[in-house]
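Shown next: upload.tsv, containing TSV, C-alpha atoms and all ligand atoms.
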```tsv
chain	number	residue	atom	x	y	z
W	1	MET	CA	-19.41	142.88	97.55
W	2	THR	CA	-21.84	140.89	99.69
W	3	LYS	CA	-23.71	137.91	98.30
W	4	ARG	CA	-26.88	139.98	98.30
W	5	GLU	CA	-25.22	142.84	96.43
W	6	GLN	CA	-23.92	140.38	93.83
W	7	ARG	CA	-27.33	138.86	93.27
W	8	ILE	CA	-29.09	142.23	93.14
W	9	GLN	CA	-26.46	143.54	90.74
W	10	ALA	CA	-27.25	140.65	88.38
W	11	ILE	CA	-31.01	141.18	88.69
W	12	ALA	CA	-30.60	144.94	88.18
W	13	ALA	CA	-28.72	144.38	84.92
W	14	GLU	CA	-31.84	142.68	83.62
W	15	ALA	CA	-34.09	145.25	85.29
W	16	ALA	CA	-32.46	147.95	83.16
W	17	GLU	CA	-33.83	146.12	80.11
W	18	TRP	CA	-37.31	145.98	81.69
W	19	ARG	CA	-37.04	149.67	82.46
W	20	ARG	CA	-36.34	150.52	78.83
W	21	GLU	CA	-39.29	148.39	77.77
W	22	LEU	CA	-41.52	150.36	80.14
W	23	HIS	CA	-39.96	153.60	78.96
W	24	ARG	CA	-40.90	152.84	75.35
W	25	ASN	CA	-44.50	152.22	76.39
W	26	PRO	CA	-45.57	154.97	78.81
W	27	GLY	CA	-49.10	155.21	80.15
W	28	THR	CA	-50.50	158.20	82.00
W	29	ALA	CA	-52.85	158.18	85.02
W	30	PHE	CA	-55.02	155.05	85.26
W	31	GLU	CA	-53.90	154.06	81.75
W	32	GLU	CA	-50.71	152.30	82.85
W	33	THR	CA	-51.95	149.12	81.22
W	34	PHE	CA	-48.58	148.20	79.71
W	35	ALA	CA	-46.70	148.64	82.99
W	36	SER	CA	-49.44	146.90	84.97
W	37	ALA	CA	-49.46	143.86	82.67
W	38	PHE	CA	-45.66	143.81	82.62
W	39	VAL	CA	-45.49	143.83	86.42
W	40	ALA	CA	-48.12	141.11	86.71
W	41	SER	CA	-46.36	138.89	84.17
W	42	LYS	CA	-43.02	139.17	85.99
W	43	LEU	CA	-44.63	138.42	89.36
W	44	ALA	CA	-46.40	135.41	87.83
W	45	GLU	CA	-43.13	134.20	86.26
W	46	TRP	CA	-41.51	134.17	89.73
W	47	GLY	CA	-44.53	132.59	91.43
W	48	ILE	CA	-45.29	135.65	93.56
W	49	ALA	CA	-48.90	135.99	94.80
W	50	HIS	CA	-50.42	139.20	93.51
W	51	GLU	CA	-53.70	140.90	92.68
W	52	THR	CA	-54.34	143.24	89.81
W	53	GLY	CA	-57.08	145.77	89.17
W	54	ILE	CA	-56.73	147.68	92.44
W	55	ALA	CA	-57.54	151.29	91.52
W	56	GLY	CA	-57.78	150.26	87.87
W	57	THR	CA	-54.21	149.42	86.90
W	58	GLY	CA	-52.75	149.02	90.41
W	59	VAL	CA	-51.04	145.77	91.45
W	60	VAL	CA	-50.31	144.49	94.96
W	61	ALA	CA	-47.95	141.55	95.57
W	62	THR	CA	-47.28	139.66	98.78
W	63	ILE	CA	-44.14	137.69	99.65
W	64	GLU	CA	-43.97	135.57	102.77
W	65	GLY	CA	-40.68	135.28	104.61
W	66	MET	CA	-39.04	131.94	105.39
W	67	ARG	CA	-40.50	132.63	108.81
W	68	ASN	CA	-43.76	134.38	109.52
W	69	HIS	CA	-43.83	134.50	113.31
W	70	SER	CA	-43.47	138.25	113.74
W	71	GLY	CA	-46.94	138.92	112.37
W	72	ARG	CA	-45.49	142.10	110.88
W	73	VAL	CA	-45.98	143.43	107.38
W	74	VAL	CA	-43.72	145.93	105.61
W	75	ALA	CA	-44.82	147.59	102.36
W	76	PHE	CA	-42.77	149.09	99.54
W	77	ARG	CA	-44.38	151.28	96.94
W	78	ALA	CA	-43.60	152.25	93.36
W	79	ASP	CA	-45.51	154.52	91.00
W	80	MET	CA	-46.04	153.43	87.38
W	81	ASP	CA	-47.45	156.44	85.53
W	82	ALA	CA	-45.93	158.67	82.86
W	83	LEU	CA	-46.56	162.28	81.83
W	84	ASP	CA	-48.36	164.06	79.02
W	85	LEU	CA	-45.09	165.35	77.60
W	86	PRO	CA	-43.47	164.81	74.19
W	87	GLU	CA	-40.05	163.23	74.76
W	88	SER	CA	-36.81	164.64	73.42
W	89	SER	CA	-34.27	162.65	75.45
W	90	GLY	CA	-32.73	161.22	72.28
W	91	GLN	CA	-32.33	157.86	74.03
W	92	PRO	CA	-32.65	154.72	71.88
W	93	TRP	CA	-35.51	153.60	74.18
W	94	ALA	CA	-37.45	156.88	73.87
W	95	SER	CA	-41.23	156.79	74.07
W	96	GLN	CA	-43.09	155.19	71.19
W	97	ILE	CA	-46.35	156.76	72.30
W	98	PRO	CA	-46.73	160.26	70.86
W	99	GLY	CA	-47.13	162.99	73.49
W	100	LYS	CA	-46.40	160.73	76.45
W	101	MET	CA	-43.16	160.01	78.25
W	102	HIS	CA	-41.67	158.67	81.47
W	103	GLY	CA	-40.35	162.09	82.43
W	104	CYS	CA	-40.32	161.46	86.18
W	105	GLY	CA	-38.57	158.09	86.27
W	106	HIS	CA	-41.53	156.06	87.48
W	107	ASP	CA	-40.39	153.42	84.98
W	108	GLY	CA	-37.25	153.14	87.13
W	109	HIS	CA	-39.22	153.01	90.39
W	110	THR	CA	-41.42	150.22	89.00
W	111	VAL	CA	-38.51	147.99	88.00
W	112	THR	CA	-36.71	148.69	91.29
W	113	LEU	CA	-39.67	147.09	93.04
W	114	LEU	CA	-39.64	144.23	90.54
W	115	ALA	CA	-35.93	143.63	91.17
W	116	LEU	CA	-36.67	143.67	94.91
W	117	ALA	CA	-39.53	141.23	94.36
W	118	GLN	CA	-37.36	138.76	92.50
W	119	TYR	CA	-34.62	138.94	95.14
W	120	LEU	CA	-36.97	138.63	98.12
W	121	GLN	CA	-38.86	135.72	96.56
W	122	GLU	CA	-35.59	133.83	95.95
W	123	THR	CA	-34.14	134.45	99.41
W	124	ARG	CA	-37.14	135.09	101.72
W	125	ASN	CA	-34.61	135.99	104.38
W	126	PHE	CA	-37.11	137.72	106.65
W	127	ASP	CA	-39.74	137.05	109.29
W	128	GLY	CA	-43.14	138.34	108.26
W	129	LEU	CA	-44.77	139.56	105.08
W	130	ILE	CA	-43.65	141.99	102.42
W	131	ARG	CA	-46.19	143.84	100.31
W	132	LEU	CA	-45.21	145.44	97.04
W	133	ILE	CA	-47.58	148.18	95.97
W	134	PHE	CA	-47.50	149.29	92.32
W	135	GLN	CA	-49.68	152.37	92.21
W	136	PRO	CA	-51.27	154.21	89.30
W	137	ALA	CA	-51.78	157.95	88.82
W	138	GLU	CA	-49.10	159.48	91.06
W	139	GLU	CA	-48.71	162.51	88.81
W	140	ILE	CA	-52.31	163.61	89.22
W	141	GLY	CA	-52.30	162.70	92.91
W	142	ARG	CA	-55.17	160.28	92.62
W	143	GLY	CA	-53.64	156.80	92.79
W	144	ALA	CA	-52.96	156.49	96.53
W	145	HIS	CA	-56.41	157.78	97.51
W	146	ARG	CA	-58.14	155.45	95.10
W	147	MET	CA	-56.17	152.40	96.26
W	148	VAL	CA	-57.10	153.20	99.85
W	149	ALA	CA	-60.72	153.83	98.85
W	150	GLU	CA	-60.76	150.42	97.14
W	151	GLY	CA	-59.75	148.69	100.36
W	152	LEU	CA	-55.94	148.53	100.14
W	153	LEU	CA	-55.52	148.74	103.94
W	154	GLU	CA	-58.13	146.07	104.68
W	155	ARG	CA	-57.39	143.67	101.84
W	156	PHE	CA	-53.59	143.95	102.06
W	157	PRO	CA	-52.83	145.22	105.56
W	158	PHE	CA	-49.36	146.54	106.34
W	159	ASP	CA	-47.69	148.17	109.35
W	160	GLU	CA	-45.30	150.53	107.63
W	161	ILE	CA	-44.53	151.73	104.12
W	162	TYR	CA	-41.46	152.95	102.26
W	163	GLY	CA	-40.83	154.54	98.89
W	164	TYR	CA	-38.18	156.45	96.97
W	165	HIS	CA	-37.81	158.95	94.18
W	166	ASN	CA	-34.84	159.30	91.87
W	167	TRP	CA	-33.34	162.78	92.28
W	168	PRO	CA	-31.47	164.46	89.42
W	169	GLY	CA	-30.44	167.28	91.78
W	170	LEU	CA	-28.22	164.93	93.78
W	171	PRO	CA	-25.14	162.99	92.65
W	172	LYS	CA	-25.66	159.38	91.67
W	173	GLY	CA	-25.68	157.15	94.74
W	174	THR	CA	-26.44	159.84	97.36
W	175	PHE	CA	-29.50	159.36	99.55
W	176	ALA	CA	-31.38	162.27	101.13
W	177	ILE	CA	-34.13	162.10	103.70
W	178	ARG	CA	-35.47	164.03	106.68
W	179	PRO	CA	-37.87	163.28	109.52
W	180	GLY	CA	-41.17	165.17	109.43
W	181	PRO	CA	-42.33	167.35	106.52
W	182	MET	CA	-40.47	166.49	103.31
W	183	LEU	CA	-42.89	167.29	100.46
W	184	ALA	CA	-45.96	169.51	100.56
W	185	ALA	CA	-49.69	169.00	100.33
W	186	VAL	CA	-50.91	170.07	96.88
W	187	ASP	CA	-54.34	171.65	96.41
W	188	THR	CA	-55.92	173.58	93.57
W	189	PHE	CA	-58.48	176.36	93.49
W	190	GLU	CA	-60.75	177.92	90.97
W	191	ILE	CA	-62.39	181.36	91.32
W	192	HIS	CA	-65.16	182.66	89.09
W	193	LEU	CA	-66.11	186.34	89.21
W	194	LYS	CA	-69.27	187.47	87.50
W	195	GLY	CA	-70.14	191.13	86.98
W	196	LYS	CA	-71.87	193.11	84.29
W	197	GLY	CA	-70.04	194.14	81.16
W	198	GLY	CA	-70.50	197.22	79.06
W	199	HIS	CA	-68.79	200.15	77.33
W	200	ALA	CA	-65.30	200.82	78.66
W	201	ALA	CA	-65.96	204.59	78.53
W	202	MET	CA	-68.86	204.19	80.96
W	203	PRO	CA	-67.49	201.97	83.75
W	204	HIS	CA	-70.05	203.33	86.22
W	205	ALA	CA	-72.73	201.55	84.23
W	206	THR	CA	-70.94	198.20	84.58
W	207	ARG	CA	-69.86	195.94	87.42
W	208	ASP	CA	-66.26	195.38	86.42
W	209	VAL	CA	-64.64	192.07	87.39
W	210	ILE	CA	-61.08	193.12	86.48
W	211	PRO	CA	-60.42	195.41	89.49
W	212	ALA	CA	-61.94	192.69	91.66
W	213	ALA	CA	-59.60	190.06	90.16
W	214	ALA	CA	-56.59	192.37	90.58
W	215	GLN	CA	-57.42	193.01	94.25
W	216	LEU	CA	-57.95	189.31	94.82
W	217	VAL	CA	-54.54	188.30	93.48
W	218	LEU	CA	-52.91	190.62	96.01
W	219	ALA	CA	-55.33	189.95	98.87
W	220	LEU	CA	-54.73	186.20	98.60
W	221	GLN	CA	-50.99	186.75	99.13
W	222	THR	CA	-51.68	188.27	102.54
W	223	LEU	CA	-52.97	184.87	103.70
W	224	VAL	CA	-49.36	183.72	103.46
W	225	SER	CA	-47.61	186.94	104.54
W	226	ARG	CA	-49.99	188.05	107.33
W	227	GLU	CA	-51.87	184.98	108.49
W	228	THR	CA	-49.45	182.07	108.30
W	229	ASP	CA	-46.85	181.54	111.02
W	230	PRO	CA	-43.55	182.63	109.42
W	231	MET	CA	-42.00	179.44	110.79
W	232	ALA	CA	-44.61	177.36	108.96
W	233	SER	CA	-44.65	177.16	105.18
W	234	ALA	CA	-47.32	177.96	102.63
W	235	VAL	CA	-47.53	178.96	98.98
W	236	VAL	CA	-50.56	180.47	97.29
W	237	SER	CA	-49.96	180.90	93.56
W	238	VAL	CA	-52.54	182.32	91.17
W	239	THR	CA	-51.32	180.71	87.96
W	240	ASN	CA	-54.08	181.66	85.51
W	241	LEU	CA	-56.17	184.79	85.18
W	242	ASN	CA	-58.52	185.07	82.25
W	243	ALA	CA	-60.80	188.03	81.70
W	244	GLY	CA	-61.89	190.44	79.01
W	245	THR	CA	-63.11	190.04	75.47
W	246	GLY	CA	-59.95	191.03	73.62
W	247	ALA	CA	-61.34	194.45	72.73
W	248	THR	CA	-59.83	197.57	74.35
W	249	ASN	CA	-63.16	199.34	74.63
W	250	VAL	CA	-65.31	196.59	76.13
W	251	ILE	CA	-65.62	195.63	79.81
W	252	GLY	CA	-66.36	191.91	80.06
W	253	ASP	CA	-68.73	190.04	82.35
W	254	LEU	CA	-66.48	187.30	83.69
W	255	ALA	CA	-63.09	186.55	85.17
W	256	ARG	CA	-61.67	183.16	86.02
W	257	MET	CA	-58.64	182.55	88.19
W	258	THR	CA	-57.00	179.24	89.01
W	259	GLY	CA	-53.93	178.27	90.96
W	260	THR	CA	-52.33	176.06	93.56
W	261	VAL	CA	-51.86	176.04	97.32
W	262	ARG	CA	-48.94	174.20	98.99
W	263	THR	CA	-48.74	173.56	102.71
W	264	PHE	CA	-47.22	171.10	105.17
W	265	SER	CA	-49.58	171.10	108.12
W	266	GLU	CA	-53.27	170.32	108.31
W	267	PRO	CA	-54.13	173.42	110.44
W	268	VAL	CA	-52.38	175.73	107.94
W	269	ARG	CA	-54.04	173.93	105.04
W	270	SER	CA	-57.56	174.24	106.50
W	271	HIS	CA	-56.97	177.85	107.56
W	272	ILE	CA	-55.90	178.90	104.06
W	273	GLU	CA	-58.81	177.07	102.46
W	274	ALA	CA	-61.37	178.71	104.76
W	275	ARG	CA	-59.80	182.16	104.56
W	276	MET	CA	-59.48	182.05	100.74
W	277	LYS	CA	-63.21	181.50	100.55
W	278	ALA	CA	-63.86	184.42	102.92
W	279	VAL	CA	-61.48	186.71	100.99
W	280	VAL	CA	-63.04	185.81	97.63
W	281	GLU	CA	-66.53	186.46	98.96
W	282	GLY	CA	-65.46	189.65	100.76
W	283	VAL	CA	-63.55	191.17	97.84
W	284	ALA	CA	-66.35	190.21	95.44
W	285	ALA	CA	-68.93	191.86	97.71
W	286	ALA	CA	-66.79	195.01	98.06
W	287	CYS	CA	-66.46	195.21	94.27
W	288	ASP	CA	-70.16	194.50	93.72
W	289	VAL	CA	-69.55	191.35	91.67
W	290	ASP	CA	-70.45	187.73	92.34
W	291	GLY	CA	-67.67	185.43	93.50
W	292	LEU	CA	-67.62	181.66	93.37
W	293	PHE	CA	-64.83	179.69	95.03
W	294	GLU	CA	-63.91	176.03	94.62
W	295	TYR	CA	-61.06	174.33	96.47
W	296	THR	CA	-59.84	170.81	95.75
W	297	ARG	CA	-57.45	168.81	97.91
W	298	ILE	CA	-55.22	166.80	95.59
W	299	ILE	CA	-52.17	165.42	97.42
W	300	ASP	CA	-51.47	165.04	101.12
W	301	ALA	CA	-48.14	166.21	102.48
W	302	THR	CA	-45.34	163.65	102.70
W	303	ILE	CA	-44.57	163.71	106.41
W	304	ASN	CA	-41.92	161.15	107.26
W	305	ASP	CA	-42.46	159.28	110.51
W	306	PRO	CA	-39.36	160.06	112.66
W	307	GLU	CA	-38.81	156.46	113.74
W	308	SER	CA	-39.23	155.09	110.20
W	309	THR	CA	-36.84	157.78	108.99
W	310	ARG	CA	-34.17	156.49	111.37
W	311	TYR	CA	-34.55	152.98	109.90
W	312	CYS	CA	-34.21	154.43	106.40
W	313	GLU	CA	-31.11	156.39	107.36
W	314	ALA	CA	-29.54	153.28	108.85
W	315	ALA	CA	-30.38	151.20	105.76
W	316	ALA	CA	-29.10	153.89	103.36
W	317	ALA	CA	-25.87	154.28	105.35
W	318	ALA	CA	-25.42	150.49	105.36
W	319	VAL	CA	-25.76	150.14	101.57
W	320	ALA	CA	-24.20	153.42	100.40
W	321	GLY	CA	-21.94	154.49	103.28
W	322	SER	CA	-22.81	157.35	105.63
W	323	ALA	CA	-20.83	159.78	103.47
W	324	HIS	CA	-23.57	159.31	100.87
W	325	LEU	CA	-26.44	160.21	103.17
W	326	ARG	CA	-27.68	163.79	103.43
W	327	GLU	CA	-30.54	165.69	104.97
W	328	PHE	CA	-33.22	166.50	102.42
W	329	PRO	CA	-34.26	170.15	102.51
W	330	PRO	CA	-38.08	170.19	102.45
W	331	ILE	CA	-39.62	171.48	99.22
W	332	MET	CA	-43.13	172.59	98.30
W	333	GLY	CA	-43.45	170.01	95.53
W	334	GLY	CA	-45.91	167.19	96.21
W	335	GLU	CA	-45.82	163.39	96.08
W	336	ASP	CA	-48.80	161.06	96.15
W	337	PHE	CA	-46.85	158.85	98.58
W	338	GLY	CA	-48.17	161.23	101.26
W	339	GLY	CA	-51.58	159.64	100.71
W	340	PHE	CA	-50.25	156.37	102.20
W	341	LEU	CA	-48.48	158.14	105.07
W	342	GLN	CA	-51.85	159.57	106.11
W	343	HIS	CA	-52.76	156.03	107.15
W	344	ARG	CA	-49.56	154.22	108.13
W	345	PRO	CA	-46.12	155.29	109.36
W	346	GLY	CA	-43.28	155.16	106.90
W	347	ALA	CA	-40.81	157.33	105.06
W	348	PHE	CA	-39.87	158.51	101.60
W	349	ILE	CA	-36.26	158.96	100.48
W	350	ALA	CA	-34.61	160.67	97.52
W	351	LEU	CA	-31.82	158.87	95.67
W	352	GLY	CA	-29.46	160.99	93.55
W	353	GLN	CA	-28.96	160.03	89.93
W	354	SER	CA	-26.90	162.81	88.33
W	355	GLU	CA	-23.69	162.09	86.43
W	356	THR	CA	-20.56	164.25	86.30
W	357	ASP	CA	-21.44	165.13	82.69
W	358	ALA	CA	-23.89	168.02	83.16
W	359	ALA	CA	-25.40	167.40	79.70
W	360	SER	CA	-26.49	163.88	80.64
W	361	PRO	CA	-30.25	163.15	80.35
W	362	HIS	CA	-29.98	161.85	83.94
W	363	ASN	CA	-29.10	165.38	85.11
W	364	LYS	CA	-32.17	167.01	83.52
W	365	GLY	CA	-34.85	167.99	85.97
W	366	LEU	CA	-37.89	165.82	86.60
W	367	HIS	CA	-40.60	166.54	84.00
W	368	SER	CA	-38.05	167.83	81.50
W	369	PRO	CA	-38.59	166.41	77.98
W	370	GLN	CA	-34.85	165.60	77.93
W	371	TYR	CA	-34.90	163.69	81.21
W	372	ASP	CA	-34.21	159.95	81.54
W	373	PHE	CA	-34.03	157.68	84.60
W	374	ASN	CA	-30.49	156.52	85.35
W	375	ASP	CA	-30.34	152.72	85.30
W	376	ALA	CA	-27.04	152.90	87.19
W	377	ILE	CA	-28.93	153.56	90.45
W	378	LEU	CA	-31.14	150.46	90.13
W	379	PRO	CA	-28.87	148.08	92.09
W	380	LEU	CA	-28.42	150.57	94.93
W	381	ALA	CA	-32.15	151.38	95.11
W	382	ALA	CA	-33.13	147.69	95.19
W	383	ASN	CA	-30.37	146.89	97.68
W	384	TYR	CA	-31.58	149.71	99.94
W	385	PHE	CA	-35.12	148.32	99.94
W	386	ALA	CA	-33.79	144.79	100.56
W	387	GLU	CA	-31.68	146.06	103.47
W	388	LEU	CA	-34.71	147.83	104.92
W	389	ALA	CA	-36.86	144.70	104.49
W	390	GLU	CA	-34.32	142.42	106.15
W	391	ARG	CA	-33.73	144.89	108.99
W	392	ARG	CA	-37.37	145.62	109.72
W	393	LEU	CA	-38.31	141.94	109.53
W	394	ALA	CA	-35.05	140.53	110.87
W	395	ILE	CA	-34.98	136.84	111.72
W	396	ASP	CA	-33.63	136.63	115.26
S	401	ZN	ZN	-43.52	163.69	88.48
S	402	ZN	ZN	-42.38	161.30	90.25
```
Serialized structure, structure tokens:
Amino acid sequence: MTKREQRIQAIAAEAAEWRRELHRNPGTAFEETFASAFVASKLAEWGIAHETGIAGTGVVATIEGMRNHSGRVVAFRADMDALDLPESSGQPWASQIPGKMHGCGHDGHTVTLLALAQYLQETRNFDGLIRLIFQPAEEIGRGAHRMVAEGLLERFPFDEIYGYHNWPGLPKGTFAIRPGPMLAAVDTFEIHLKGKGGHAAMPHATRDVIPAAAQLVLALQTLVSRETDPMASAVVSVTNLNAGTGATNVIGDLARMTGTVRTFSEPVRSHIEARMKAVVEGVAAACDVDGLFEYTRIIDATINDPESTRYCEAAAAAVAGSAHLREFPPIMGGEDFGGFLQHRPGAFIALGQSETDAASPHNKGLHSPQYDFNDAILPLAANYFAELAERRLAID
């Protein structure tokens, strides 16, 4: 074990206790007051310069290397928010806040960055500046945008940014990454159809929204099957369809449909948005009902910069061994980290956390009420970030 590994191992043993403290006190989007105060108090304890209140509960810390001649700044990011989900992990440190839990392991990500902070502040074995970004509201895809809107890039400039997510689908200690598209852009849509209700036995005297809604569900699928390059990726899912009054003999006035769109590329994203609007208006007109369409961009795709990805692969192989490095198959799930990658190069990596015991809470999927972050990956995660920091800002 290297000196650095030894030190990080010792810090991580304490970080597991911090993690359980955060786990007991989850806060959802922009209400991460416990985590935010906890982070700030640790940073203060170690004499690390930091500012709070960025995007509400966000915290940004800066650590200067023993040399600062390179003029370069490398950022690491952790998310702090929990989910609206009642916990049933059965862990002794389960949530004490009814209806809320750390079901995505952001408690673990937060303390990984704290462990990194403590190590880097003690050693400062790099040339340049390190920024540590503790972001709120990852789960609703609003934290990154708001931090940027509140001047993150101007007030705390950085050249590149890195983050990780614990991954129950991979064995503990295995890293997975890929250059280019890794996680999708996440958008939502809402469609309102308005017709004219009436007696179900006299449909000709009504303007029925239900056939219009049914046609729309199918027509929207053709935007993926007929208009998107088969080698590109897109998902259009209508996830809610509400219409009718509950009576079998009444035709209602209104239908409401909502759902999600997932894409990787900006041209595909804009095309689907524009064409959905045209299809809603066209189908509504054909069915003689009024159609209203709203589209909201929530999360930008996580597109790993190829060069940054190579640095991550090298760092992961150095700390875990190349046998524990895999290619991440892209998935249509989203990550608010993409909001930072819109502005600066960087890369996101997955770190496996599953145990051989399939019933372990660490093997449950993200957002499962039985899930729990695996503290055993803390030293490796912090060591990976430290390796990346010391490589990217190497003292020569
Ligand atoms: Zn999540
Ligand atoms: Zn997450």
Quiz item: Of the residues W:Phe385, W:Phe328, W:Phe34, W:Tyr164, which is the one nearest to ligand ZN 402 (chain S), using only C-alpha atoms and all ligand atoms?
Solution: W:Tyr164
Quiz item: Smallest atom-to-atom distance to Ala317 in chain W: which of W:Glu387, W:Glu150, W:Asp300, W:Glu31, using all atoms listed in the file?
Solution: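 For Ala317 in chain W, the nearest of the given residues is W:Glu387.
Minimum atom-to-atom distance to His271 in chain W, evaluated using only C-alpha atoms, belongs to W:Leu223 out of W:Leu241, W:Leu223, W:Ala15, W:His165.
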Need the shell around Asp253 in chain W: protein/DNA/RNA residues with any atom at most 9 Å away, counting only C-alpha atoms. Skip same-chain ones fewer than 3 positions apart. Format as an mmCIF file with C-alpha atoms, keeping the file's coordinate frame?
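This went into result-v5.cif:
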```cif
data_model
loop_
_atom_site.group_PDB
_atom_site.id
_atom_site.type_symbol
_atom_site.label_atom_id
_atom_site.label_comp_id
_atom_site.auth_asym_id
_atom_site.auth_seq_id
_atom_site.Cartn_x
_atom_site.Cartn_y
_atom_site.Cartn_z
ATOM 1 C CA LEU W 193 -66.110 186.340 89.210
ATOM 2 C CA LYS W 194 -69.270 187.470 87.500
ATOM 3 C CA GLY W 195 -70.140 191.130 86.980
ATOM 4 C CA LYS W 196 -71.870 193.110 84.290
ATOM 5 C CA GLY W 197 -70.040 194.140 81.160
ATOM 6 C CA GLY W 198 -70.500 197.220 79.060
ATOM 7 C CA THR W 206 -70.940 198.200 84.580
ATOM 8 C CA ARG W 207 -69.860 195.940 87.420
ATOM 9 C CA ASP W 208 -66.260 195.380 86.420
ATOM 10 C CA VAL W 209 -64.640 192.070 87.390
ATOM 11 C CA ALA W 243 -60.800 188.030 81.700
ATOM 12 C CA GLY W 244 -61.890 190.440 79.010
ATOM 13 C CA THR W 245 -63.110 190.040 75.470
#
```
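Interatomic distance, CA of Thr174 in chain W to CA of Ala316 in chain W: 8.9 Å.
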Practice problem: Compile the contact shell of Met101 in chain W as number ranges by chain: residues with an atom at most 10 Å away, counting all atoms listed in the file, same-chain residues fewer than 2 positions apart removed. | Solution: W: 22-28, 81-89, 94-99, 103-105, 107, 367-369, 371-372
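What separates CA of Pro157 in chain W from CA of Glu390 in chain W is a distance of 18.7 Å.
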Quiz item: How would you write, as a list of chain:residue names, the set of residues no farther than 8 Å from ligand ZN 402 (chain S) when counting all atoms listed in the file?
Solution: W:Asp79, W:Cys104, W:Gly105, W:His106, W:Glu138, W:Glu139, W:His165, W:Asn166, W:Glu335, W:Leu366
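Using only C-alpha atoms, the shortest contact distance between Asp305 in chain W and any of W:Leu341, W:Ala44, W:Leu378, W:Ala75 is found at W:Leu341.
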Quiz item: When distances are computed from all atoms listed in the file, which of W:Pro306, W:Gly65, W:Asp288, W:Gly334 shows the smallest separation from ligand ZN 401 (chain S)?
Solution: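 Once distances to ligand ZN 401 (chain S) are computed over all atoms listed in the file, the minimum belongs to W:Gly334.
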Practice problem: Could you check how far CA of Arg256 in chain W sits from CA of Ser270 in chain W, in Å to one decimal? | Solution: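 Interatomic distance, CA of Arg256 in chain W to CA of Ser270 in chain W: 22.7 Å.
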Quiz prompt | Selected residue, from W:Glu227, W:Ala61, W:Gly333, W:Arg67, that lies nearest to ligand ZN 401 (chain S) when counting all atoms listed in the file | solution =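 Under the stated criterion, the closest residue is W:Gly333.
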